file final_8.cif (mmCIF, N, CA and C atoms)
data_query
loop_
_atom_site.label_atom_id
_atom_site.label_comp_id
_atom_site.auth_asym_id
_atom_site.auth_seq_id
_atom_site.Cartn_x
_atom_site.Cartn_y
_atom_site.Cartn_z
N MET M 1 -7.03 15.11 4.74
CA MET M 1 -7.87 14.73 3.62
C MET M 1 -7.83 13.21 3.48
N THR M 2 -8.96 12.58 3.65
CA THR M 2 -9.05 11.13 3.56
C THR M 2 -9.51 10.73 2.16
N PRO M 3 -8.75 9.85 1.50
CA PRO M 3 -9.17 9.38 0.17
C PRO M 3 -10.52 8.65 0.25
N GLU M 4 -11.31 8.79 -0.79
CA GLU M 4 -12.60 8.12 -0.85
C GLU M 4 -12.41 6.62 -1.10
N LEU M 5 -13.09 5.81 -0.30
CA LEU M 5 -13.05 4.37 -0.48
C LEU M 5 -14.45 3.86 -0.76
N ASP M 6 -14.53 2.88 -1.62
CA ASP M 6 -15.80 2.24 -1.96
C ASP M 6 -16.03 1.13 -0.95
N ARG M 7 -16.95 1.36 -0.04
CA ARG M 7 -17.16 0.39 1.05
C ARG M 7 -17.90 -0.87 0.59
N THR M 8 -18.19 -0.97 -0.70
CA THR M 8 -18.82 -2.19 -1.21
C THR M 8 -17.77 -3.19 -1.73
N ARG M 9 -16.49 -2.74 -1.77
CA ARG M 9 -15.39 -3.61 -2.21
C ARG M 9 -14.41 -3.74 -1.06
N PRO M 10 -13.60 -4.81 -1.05
CA PRO M 10 -12.63 -4.97 0.05
C PRO M 10 -11.72 -3.74 0.17
N VAL M 11 -11.76 -3.12 1.33
CA VAL M 11 -11.02 -1.89 1.55
C VAL M 11 -9.52 -2.13 1.45
N TRP M 12 -9.03 -3.25 1.97
CA TRP M 12 -7.59 -3.51 1.94
C TRP M 12 -7.08 -3.55 0.49
N ARG M 13 -7.89 -4.07 -0.42
CA ARG M 13 -7.48 -4.12 -1.83
C ARG M 13 -7.39 -2.70 -2.41
N GLN M 14 -8.31 -1.83 -2.02
CA GLN M 14 -8.30 -0.46 -2.52
C GLN M 14 -7.08 0.30 -1.99
N VAL M 15 -6.74 0.06 -0.72
CA VAL M 15 -5.55 0.70 -0.14
C VAL M 15 -4.29 0.18 -0.83
N ALA M 16 -4.22 -1.13 -1.03
CA ALA M 16 -3.07 -1.71 -1.73
C ALA M 16 -2.96 -1.14 -3.15
N ALA M 17 -4.09 -0.98 -3.83
CA ALA M 17 -4.09 -0.42 -5.18
C ALA M 17 -3.63 1.03 -5.17
N ALA M 18 -4.01 1.79 -4.15
CA ALA M 18 -3.59 3.19 -4.05
C ALA M 18 -2.08 3.27 -3.85
N ILE M 19 -1.53 2.41 -3.01
CA ILE M 19 -0.08 2.41 -2.79
C ILE M 19 0.63 1.97 -4.06
N GLU M 20 0.10 0.94 -4.71
CA GLU M 20 0.70 0.47 -5.96
C GLU M 20 0.70 1.58 -7.01
N ALA M 21 -0.38 2.35 -7.08
CA ALA M 21 -0.46 3.45 -8.03
C ALA M 21 0.58 4.52 -7.70
N ARG M 22 0.80 4.77 -6.42
CA ARG M 22 1.81 5.75 -6.02
C ARG M 22 3.22 5.27 -6.36
N ILE M 23 3.43 3.98 -6.27
CA ILE M 23 4.73 3.42 -6.67
C ILE M 23 4.90 3.59 -8.18
N ALA M 24 3.85 3.26 -8.93
CA ALA M 24 3.90 3.35 -10.39
C ALA M 24 4.12 4.78 -10.88
N ASP M 25 3.50 5.76 -10.20
CA ASP M 25 3.63 7.15 -10.68
C ASP M 25 4.85 7.88 -10.11
N GLY M 26 5.64 7.16 -9.31
CA GLY M 26 6.87 7.76 -8.80
C GLY M 26 6.74 8.48 -7.48
N THR M 27 5.54 8.53 -6.92
CA THR M 27 5.37 9.15 -5.60
C THR M 27 6.25 8.44 -4.58
N TYR M 28 6.30 7.11 -4.68
CA TYR M 28 7.19 6.30 -3.85
C TYR M 28 8.15 5.58 -4.80
N PRO M 29 9.34 6.16 -5.03
CA PRO M 29 10.31 5.51 -5.92
C PRO M 29 10.94 4.28 -5.27
N ILE M 30 11.66 3.50 -6.06
CA ILE M 30 12.34 2.32 -5.53
C ILE M 30 13.24 2.74 -4.38
N ASP M 31 13.20 1.94 -3.33
CA ASP M 31 13.94 2.14 -2.08
C ASP M 31 13.34 3.21 -1.17
N ALA M 32 12.26 3.87 -1.59
CA ALA M 32 11.60 4.85 -0.73
C ALA M 32 10.77 4.12 0.32
N ARG M 33 10.65 4.74 1.47
CA ARG M 33 9.81 4.18 2.54
C ARG M 33 8.34 4.41 2.19
N VAL M 34 7.52 3.39 2.40
CA VAL M 34 6.08 3.55 2.22
C VAL M 34 5.46 3.79 3.60
N PRO M 35 4.26 4.35 3.65
CA PRO M 35 3.64 4.65 4.95
C PRO M 35 3.49 3.40 5.81
N SER M 36 3.60 3.63 7.10
CA SER M 36 3.45 2.54 8.08
C SER M 36 1.97 2.20 8.26
N VAL M 37 1.72 1.13 9.00
CA VAL M 37 0.34 0.74 9.32
C VAL M 37 -0.38 1.89 9.99
N VAL M 38 0.27 2.54 10.94
CA VAL M 38 -0.35 3.66 11.66
C VAL M 38 -0.65 4.82 10.71
N GLU M 39 0.30 5.13 9.84
CA GLU M 39 0.10 6.22 8.88
C GLU M 39 -1.02 5.91 7.90
N LEU M 40 -1.07 4.67 7.41
CA LEU M 40 -2.14 4.28 6.49
C LEU M 40 -3.50 4.30 7.19
N SER M 41 -3.52 3.84 8.43
CA SER M 41 -4.76 3.83 9.21
C SER M 41 -5.32 5.24 9.34
N ALA M 42 -4.44 6.20 9.61
CA ALA M 42 -4.87 7.58 9.75
C ALA M 42 -5.29 8.18 8.40
N GLU M 43 -4.47 7.95 7.36
CA GLU M 43 -4.76 8.54 6.05
C GLU M 43 -6.09 8.06 5.47
N PHE M 44 -6.33 6.75 5.57
CA PHE M 44 -7.52 6.17 4.94
C PHE M 44 -8.68 5.97 5.92
N ALA M 45 -8.48 6.31 7.19
CA ALA M 45 -9.50 6.12 8.23
C ALA M 45 -9.94 4.65 8.27
N ILE M 46 -8.95 3.76 8.39
CA ILE M 46 -9.20 2.32 8.41
C ILE M 46 -8.58 1.71 9.66
N ALA M 47 -8.96 0.48 9.95
CA ALA M 47 -8.38 -0.25 11.08
C ALA M 47 -6.94 -0.64 10.76
N ALA M 48 -6.15 -0.76 11.80
CA ALA M 48 -4.75 -1.16 11.63
C ALA M 48 -4.65 -2.52 10.94
N SER M 49 -5.56 -3.43 11.26
CA SER M 49 -5.53 -4.76 10.64
C SER M 49 -5.77 -4.68 9.14
N THR M 50 -6.58 -3.73 8.70
CA THR M 50 -6.84 -3.54 7.27
C THR M 50 -5.59 -3.00 6.58
N ALA M 51 -4.94 -2.04 7.22
CA ALA M 51 -3.70 -1.49 6.67
C ALA M 51 -2.63 -2.57 6.60
N GLN M 52 -2.55 -3.39 7.64
CA GLN M 52 -1.56 -4.47 7.66
C GLN M 52 -1.81 -5.46 6.53
N LYS M 53 -3.07 -5.75 6.27
CA LYS M 53 -3.41 -6.70 5.20
C LYS M 53 -3.00 -6.12 3.83
N ALA M 54 -3.19 -4.83 3.64
CA ALA M 54 -2.78 -4.19 2.38
C ALA M 54 -1.27 -4.29 2.21
N LEU M 55 -0.51 -3.98 3.27
CA LEU M 55 0.94 -4.05 3.18
C LEU M 55 1.42 -5.49 2.98
N ALA M 56 0.78 -6.43 3.65
CA ALA M 56 1.15 -7.84 3.50
C ALA M 56 0.93 -8.30 2.07
N HIS M 57 -0.14 -7.84 1.44
CA HIS M 57 -0.41 -8.18 0.05
C HIS M 57 0.68 -7.62 -0.86
N LEU M 58 1.05 -6.36 -0.65
CA LEU M 58 2.09 -5.75 -1.47
C LEU M 58 3.44 -6.46 -1.28
N LYS M 59 3.70 -6.90 -0.07
CA LYS M 59 4.93 -7.65 0.21
C LYS M 59 4.88 -9.00 -0.50
N ALA M 60 3.75 -9.68 -0.43
CA ALA M 60 3.61 -10.98 -1.10
C ALA M 60 3.76 -10.85 -2.61
N GLU M 61 3.35 -9.70 -3.16
CA GLU M 61 3.48 -9.44 -4.60
C GLU M 61 4.90 -9.04 -4.97
N GLY M 62 5.73 -8.78 -3.96
CA GLY M 62 7.11 -8.39 -4.21
C GLY M 62 7.32 -6.91 -4.50
N LEU M 63 6.27 -6.10 -4.31
CA LEU M 63 6.39 -4.67 -4.57
C LEU M 63 7.11 -3.94 -3.44
N ILE M 64 6.94 -4.42 -2.21
CA ILE M 64 7.62 -3.81 -1.08
C ILE M 64 8.38 -4.87 -0.30
N ARG M 65 9.34 -4.40 0.49
CA ARG M 65 10.07 -5.29 1.39
C ARG M 65 10.04 -4.64 2.77
N ALA M 66 10.00 -5.46 3.80
CA ALA M 66 9.99 -4.96 5.17
C ALA M 66 11.37 -5.12 5.78
N GLU M 67 11.81 -4.10 6.49
CA GLU M 67 13.07 -4.14 7.21
C GLU M 67 12.74 -3.91 8.68
N VAL M 68 13.01 -4.91 9.50
CA VAL M 68 12.65 -4.87 10.91
C VAL M 68 13.21 -3.61 11.57
N GLY M 69 12.34 -2.90 12.24
CA GLY M 69 12.72 -1.69 12.94
C GLY M 69 12.84 -0.45 12.08
N LEU M 70 12.76 -0.61 10.78
CA LEU M 70 12.90 0.53 9.87
C LEU M 70 11.62 0.86 9.11
N GLY M 71 10.86 -0.15 8.73
CA GLY M 71 9.64 0.06 7.97
C GLY M 71 9.63 -0.74 6.69
N SER M 72 8.72 -0.36 5.80
CA SER M 72 8.58 -1.02 4.51
C SER M 72 9.05 -0.08 3.41
N PHE M 73 9.71 -0.68 2.40
CA PHE M 73 10.31 0.09 1.34
C PHE M 73 9.94 -0.49 -0.02
N VAL M 74 9.89 0.36 -1.04
CA VAL M 74 9.57 -0.08 -2.38
C VAL M 74 10.69 -0.99 -2.89
N ALA M 75 10.32 -2.17 -3.33
CA ALA M 75 11.30 -3.14 -3.83
C ALA M 75 11.40 -3.12 -5.35
N ARG M 76 10.27 -2.91 -6.02
CA ARG M 76 10.26 -2.89 -7.49
C ARG M 76 9.02 -2.16 -7.97
N LEU M 77 9.01 -1.83 -9.25
CA LEU M 77 7.86 -1.18 -9.86
C LEU M 77 6.80 -2.21 -10.23
N PRO M 78 5.53 -1.82 -10.23
CA PRO M 78 4.48 -2.74 -10.66
C PRO M 78 4.67 -3.14 -12.12
N ASP M 79 4.10 -4.29 -12.47
CA ASP M 79 4.22 -4.80 -13.83
C ASP M 79 3.43 -3.99 -14.83
N GLY M 80 2.46 -3.21 -14.35
CA GLY M 80 1.68 -2.38 -15.26
C GLY M 80 0.32 -2.95 -15.60
N ASP M 81 -0.06 -4.06 -14.95
CA ASP M 81 -1.37 -4.64 -15.25
C ASP M 81 -2.49 -3.96 -14.48
N GLY M 82 -2.12 -3.08 -13.50
CA GLY M 82 -3.13 -2.31 -12.78
C GLY M 82 -3.86 -3.10 -11.72
N GLU M 83 -3.56 -4.35 -11.56
CA GLU M 83 -4.25 -5.20 -10.59
C GLU M 83 -3.46 -5.26 -9.30
N ALA M 84 -4.10 -4.98 -8.20
CA ALA M 84 -3.42 -5.05 -6.90
C ALA M 84 -3.87 -6.26 -6.12
#

call {"tool": "encode", "arguments": {"input": "final_8.cif", "output": "structure tokens"}}
result
Amino acid sequence: MTPELDRTRPVWRQVAAAIEARIADGTYPIDARVPSVVELSAEFAIAASTAQKALAHLKAEGLIRAEVGLGSFVARLPDGDGEA
């Protein structure tokens, strides 16, 4: 089941917002692994570069941290402003 994306808005922002929402609702608790680029590409039917951009944004925001060879993990909860 592929989530619906609005192709009139930047897709990477929508993917980042979806992951942020999952962090906020507890689907991905602190220290939980978030989906990889490959997993996000398959789930959302997007290019790997788009998935990478979404993860890079979440990392820059401090929501996730990357551990070489292990993946990306939830670092903190969103502030609650709903903006990704």

call {"tool": "resolve_selection", "arguments": {"input": "final_8.cif", "expression": "the PyMOL selection byres ((chain M and resi 55-71) around 8)", "output": "ChimeraX atom specification"}}
result
/M:12,15-16,20,33-37,49-54,72-78,84

call {"tool": "select_by_dssp", "arguments": {"input": "final_8.cif", "residues": "chain M", "states": "strand (DSSP E or B)", "output": "number ranges by chain"}}
result
M: 33-34, 64-67, 71-74

call {"tool": "axis_aligned_box", "arguments": {"input": "final_8.cif", "around": "stretch 68-73 of chain M", "padding_each_side": "8 Å", "output": "JSON"}}
result
{"center_x": 10.9, "center_y": -2.0, "center_z": 6.5, "size_x": 20.6, "size_y": 21.8, "size_z": 29.0}

call {"tool": "resolve_selection", "arguments": {"input": "final_8.cif", "expression": "the PyMOL selection byres (((chain M and resi 5 and name CA) around 10) and name CA)", "output": "list in words"}}
result
Thr2, Pro3, Glu4, Asp6, Arg7, Thr8, Arg9, Pro10, Val11, Trp12, Gln14, Val15, Phe44, Ala45 and Ile46 of chain M

call {"tool": "atom_distance", "arguments": {"input": "final_8.cif", "atom1": "atom N of M:Ala42", "atom2": "atom CA of M:Ala17"}}
result
16.2 Å

call {"tool": "decode", "arguments": {"input": "final_8.cif", "residues": "stretch 19-33 of chain M", "atoms": "all heavy atoms", "output": "PDB file, in the first residue's frame"}}
result
ATOM      1  N   ILE M  19       7.184  10.913   8.084  1.00  0.00           N
ATOM      2  CA  ILE M  19       8.065  10.298   9.082  1.00  0.00           C
ATOM      3  C   ILE M  19       7.980  11.070  10.391  1.00  0.00           C
ATOM      4  O   ILE M  19       7.913  10.485  11.474  1.00  0.00           O
ATOM      5  CB  ILE M  19       9.510  10.227   8.569  1.00  0.00           C
ATOM      6  CG1 ILE M  19       9.576   9.302   7.346  1.00  0.00           C
ATOM      7  CG2 ILE M  19      10.456   9.726   9.657  1.00  0.00           C
ATOM      8  CD1 ILE M  19      10.854   9.393   6.579  1.00  0.00           C
ATOM      9  N   GLU M  20       7.969  12.397  10.301  1.00  0.00           N
ATOM     10  CA  GLU M  20       7.851  13.218  11.506  1.00  0.00           C
ATOM     11  C   GLU M  20       6.544  12.913  12.241  1.00  0.00           C
ATOM     12  O   GLU M  20       6.524  12.812  13.469  1.00  0.00           O
ATOM     13  CB  GLU M  20       7.929  14.697  11.152  1.00  0.00           C
ATOM     14  CG  GLU M  20       7.902  15.590  12.367  1.00  0.00           C
ATOM     15  CD  GLU M  20       8.146  17.050  12.070  1.00  0.00           C
ATOM     16  OE1 GLU M  20       8.685  17.385  10.999  1.00  0.00           O
ATOM     17  OE2 GLU M  20       7.799  17.874  12.934  1.00  0.00           O
ATOM     18  N   ALA M  21       5.461  12.725  11.498  1.00  0.00           N
ATOM     19  CA  ALA M  21       4.176  12.402  12.112  1.00  0.00           C
ATOM     20  C   ALA M  21       4.240  11.042  12.807  1.00  0.00           C
ATOM     21  O   ALA M  21       3.685  10.862  13.901  1.00  0.00           O
ATOM     22  CB  ALA M  21       3.066  12.404  11.063  1.00  0.00           C
ATOM     23  N   ARG M  22       4.943  10.093  12.206  1.00  0.00           N
ATOM     24  CA  ARG M  22       5.086   8.770  12.822  1.00  0.00           C
ATOM     25  C   ARG M  22       5.922   8.848  14.099  1.00  0.00           C
ATOM     26  O   ARG M  22       5.663   8.115  15.047  1.00  0.00           O
ATOM     27  CB  ARG M  22       5.711   7.790  11.831  1.00  0.00           C
ATOM     28  CG  ARG M  22       4.798   7.471  10.667  1.00  0.00           C
ATOM     29  CD  ARG M  22       5.497   6.632   9.634  1.00  0.00           C
ATOM     30  NE  ARG M  22       4.669   6.443   8.458  1.00  0.00           N
ATOM     31  CZ  ARG M  22       5.078   5.832   7.366  1.00  0.00           C
ATOM     32  NH1 ARG M  22       6.296   5.339   7.290  1.00  0.00           N
ATOM     33  NH2 ARG M  22       4.268   5.714   6.327  1.00  0.00           N
ATOM     34  N   ILE M  23       6.900   9.728  14.100  1.00  0.00           N
ATOM     35  CA  ILE M  23       7.691   9.930  15.328  1.00  0.00           C
ATOM     36  C   ILE M  23       6.793  10.541  16.403  1.00  0.00           C
ATOM     37  O   ILE M  23       6.780  10.097  17.546  1.00  0.00           O
ATOM     38  CB  ILE M  23       8.919  10.827  15.049  1.00  0.00           C
ATOM     39  CG1 ILE M  23       9.909  10.102  14.130  1.00  0.00           C
ATOM     40  CG2 ILE M  23       9.598  11.240  16.357  1.00  0.00           C
ATOM     41  CD1 ILE M  23      11.033  10.991  13.584  1.00  0.00           C
ATOM     42  N   ALA M  24       6.022  11.552  16.015  1.00  0.00           N
ATOM     43  CA  ALA M  24       5.146  12.248  16.970  1.00  0.00           C
ATOM     44  C   ALA M  24       4.082  11.321  17.556  1.00  0.00           C
ATOM     45  O   ALA M  24       3.763  11.422  18.740  1.00  0.00           O
ATOM     46  CB  ALA M  24       4.492  13.450  16.292  1.00  0.00           C
ATOM     47  N   ASP M  25       3.540  10.405  16.727  1.00  0.00           N
ATOM     48  CA  ASP M  25       2.462   9.545  17.236  1.00  0.00           C
ATOM     49  C   ASP M  25       2.969   8.259  17.897  1.00  0.00           C
ATOM     50  O   ASP M  25       2.182   7.429  18.317  1.00  0.00           O
ATOM     51  CB  ASP M  25       1.433   9.251  16.142  1.00  0.00           C
ATOM     52  CG  ASP M  25       1.903   8.253  15.083  1.00  0.00           C
ATOM     53  OD1 ASP M  25       2.954   7.585  15.251  1.00  0.00           O
ATOM     54  OD2 ASP M  25       1.203   8.131  14.050  1.00  0.00           O
ATOM     55  N   GLY M  26       4.288   8.120  17.964  1.00  0.00           N
ATOM     56  CA  GLY M  26       4.855   6.969  18.658  1.00  0.00           C
ATOM     57  C   GLY M  26       5.094   5.748  17.796  1.00  0.00           C
ATOM     58  O   GLY M  26       5.575   4.724  18.290  1.00  0.00           O
ATOM     59  N   THR M  27       4.764   5.821  16.511  1.00  0.00           N
ATOM     60  CA  THR M  27       5.050   4.700  15.614  1.00  0.00           C
ATOM     61  C   THR M  27       6.546   4.407  15.623  1.00  0.00           C
ATOM     62  O   THR M  27       6.955   3.249  15.637  1.00  0.00           O
ATOM     63  CB  THR M  27       4.572   5.011  14.179  1.00  0.00           C
ATOM     64  OG1 THR M  27       3.171   5.268  14.205  1.00  0.00           O
ATOM     65  CG2 THR M  27       4.860   3.852  13.237  1.00  0.00           C
ATOM     66  N   TYR M  28       7.347   5.475  15.609  1.00  0.00           N
ATOM     67  CA  TYR M  28       8.800   5.363  15.732  1.00  0.00           C
ATOM     68  C   TYR M  28       9.203   6.088  17.018  1.00  0.00           C
ATOM     69  O   TYR M  28       9.375   7.300  17.019  1.00  0.00           O
ATOM     70  CB  TYR M  28       9.532   6.008  14.552  1.00  0.00           C
ATOM     71  CG  TYR M  28       9.143   5.499  13.179  1.00  0.00           C
ATOM     72  CD1 TYR M  28       9.068   6.375  12.102  1.00  0.00           C
ATOM     73  CD2 TYR M  28       8.865   4.161  12.942  1.00  0.00           C
ATOM     74  CE1 TYR M  28       8.733   5.932  10.837  1.00  0.00           C
ATOM     75  CE2 TYR M  28       8.512   3.723  11.682  1.00  0.00           C
ATOM     76  CZ  TYR M  28       8.455   4.603  10.628  1.00  0.00           C
ATOM     77  OH  TYR M  28       8.110   4.170   9.375  1.00  0.00           O
ATOM     78  N   PRO M  29       9.323   5.361  18.129  1.00  0.00           N
ATOM     79  CA  PRO M  29       9.721   6.009  19.388  1.00  0.00           C
ATOM     80  C   PRO M  29      11.201   6.401  19.384  1.00  0.00           C
ATOM     81  O   PRO M  29      11.958   5.994  18.495  1.00  0.00           O
ATOM     82  CB  PRO M  29       9.432   4.942  20.442  1.00  0.00           C
ATOM     83  CG  PRO M  29       9.421   3.651  19.706  1.00  0.00           C
ATOM     84  CD  PRO M  29       9.049   3.945  18.288  1.00  0.00           C
ATOM     85  N   ILE M  30      11.606   7.174  20.375  1.00  0.00           N
ATOM     86  CA  ILE M  30      13.010   7.576  20.488  1.00  0.00           C
ATOM     87  C   ILE M  30      13.882   6.330  20.510  1.00  0.00           C
ATOM     88  O   ILE M  30      13.549   5.333  21.161  1.00  0.00           O
ATOM     89  CB  ILE M  30      13.216   8.460  21.730  1.00  0.00           C
ATOM     90  CG1 ILE M  30      12.518   9.792  21.505  1.00  0.00           C
ATOM     91  CG2 ILE M  30      14.702   8.660  22.019  1.00  0.00           C
ATOM     92  CD1 ILE M  30      12.663  10.796  22.610  1.00  0.00           C
ATOM     93  N   ASP M  31      14.968   6.409  19.765  1.00  0.00           N
ATOM     94  CA  ASP M  31      15.958   5.338  19.584  1.00  0.00           C
ATOM     95  C   ASP M  31      15.503   4.228  18.637  1.00  0.00           C
ATOM     96  O   ASP M  31      16.262   3.297  18.375  1.00  0.00           O
ATOM     97  CB  ASP M  31      16.421   4.737  20.914  1.00  0.00           C
ATOM     98  CG  ASP M  31      17.237   5.723  21.737  1.00  0.00           C
ATOM     99  OD1 ASP M  31      17.937   6.567  21.139  1.00  0.00           O
ATOM    100  OD2 ASP M  31      17.171   5.662  22.971  1.00  0.00           O
ATOM    101  N   ALA M  32      14.278   4.305  18.110  1.00  0.00           N
ATOM    102  CA  ALA M  32      13.821   3.313  17.136  1.00  0.00           C
ATOM    103  C   ALA M  32      14.446   3.607  15.777  1.00  0.00           C
ATOM    104  O   ALA M  32      14.703   4.765  15.425  1.00  0.00           O
ATOM    105  CB  ALA M  32      12.303   3.346  17.014  1.00  0.00           C
ATOM    106  N   ARG M  33      14.664   2.560  15.021  1.00  0.00           N
ATOM    107  CA  ARG M  33      15.197   2.713  13.664  1.00  0.00           C
ATOM    108  C   ARG M  33      14.082   3.218  12.749  1.00  0.00           C
ATOM    109  O   ARG M  33      12.956   2.742  12.826  1.00  0.00           O
ATOM    110  CB  ARG M  33      15.715   1.362  13.159  1.00  0.00           C
ATOM    111  CG  ARG M  33      16.409   1.423  11.833  1.00  0.00           C
ATOM    112  CD  ARG M  33      16.895   0.005  11.448  1.00  0.00           C
ATOM    113  NE  ARG M  33      17.210  -0.060  10.049  1.00  0.00           N
ATOM    114  CZ  ARG M  33      16.333  -0.169   9.064  1.00  0.00           C
ATOM    115  NH1 ARG M  33      15.052  -0.248   9.334  1.00  0.00           N
ATOM    116  NH2 ARG M  33      16.718  -0.213   7.815  1.00  0.00           N
TER     117      ARG M  33
END
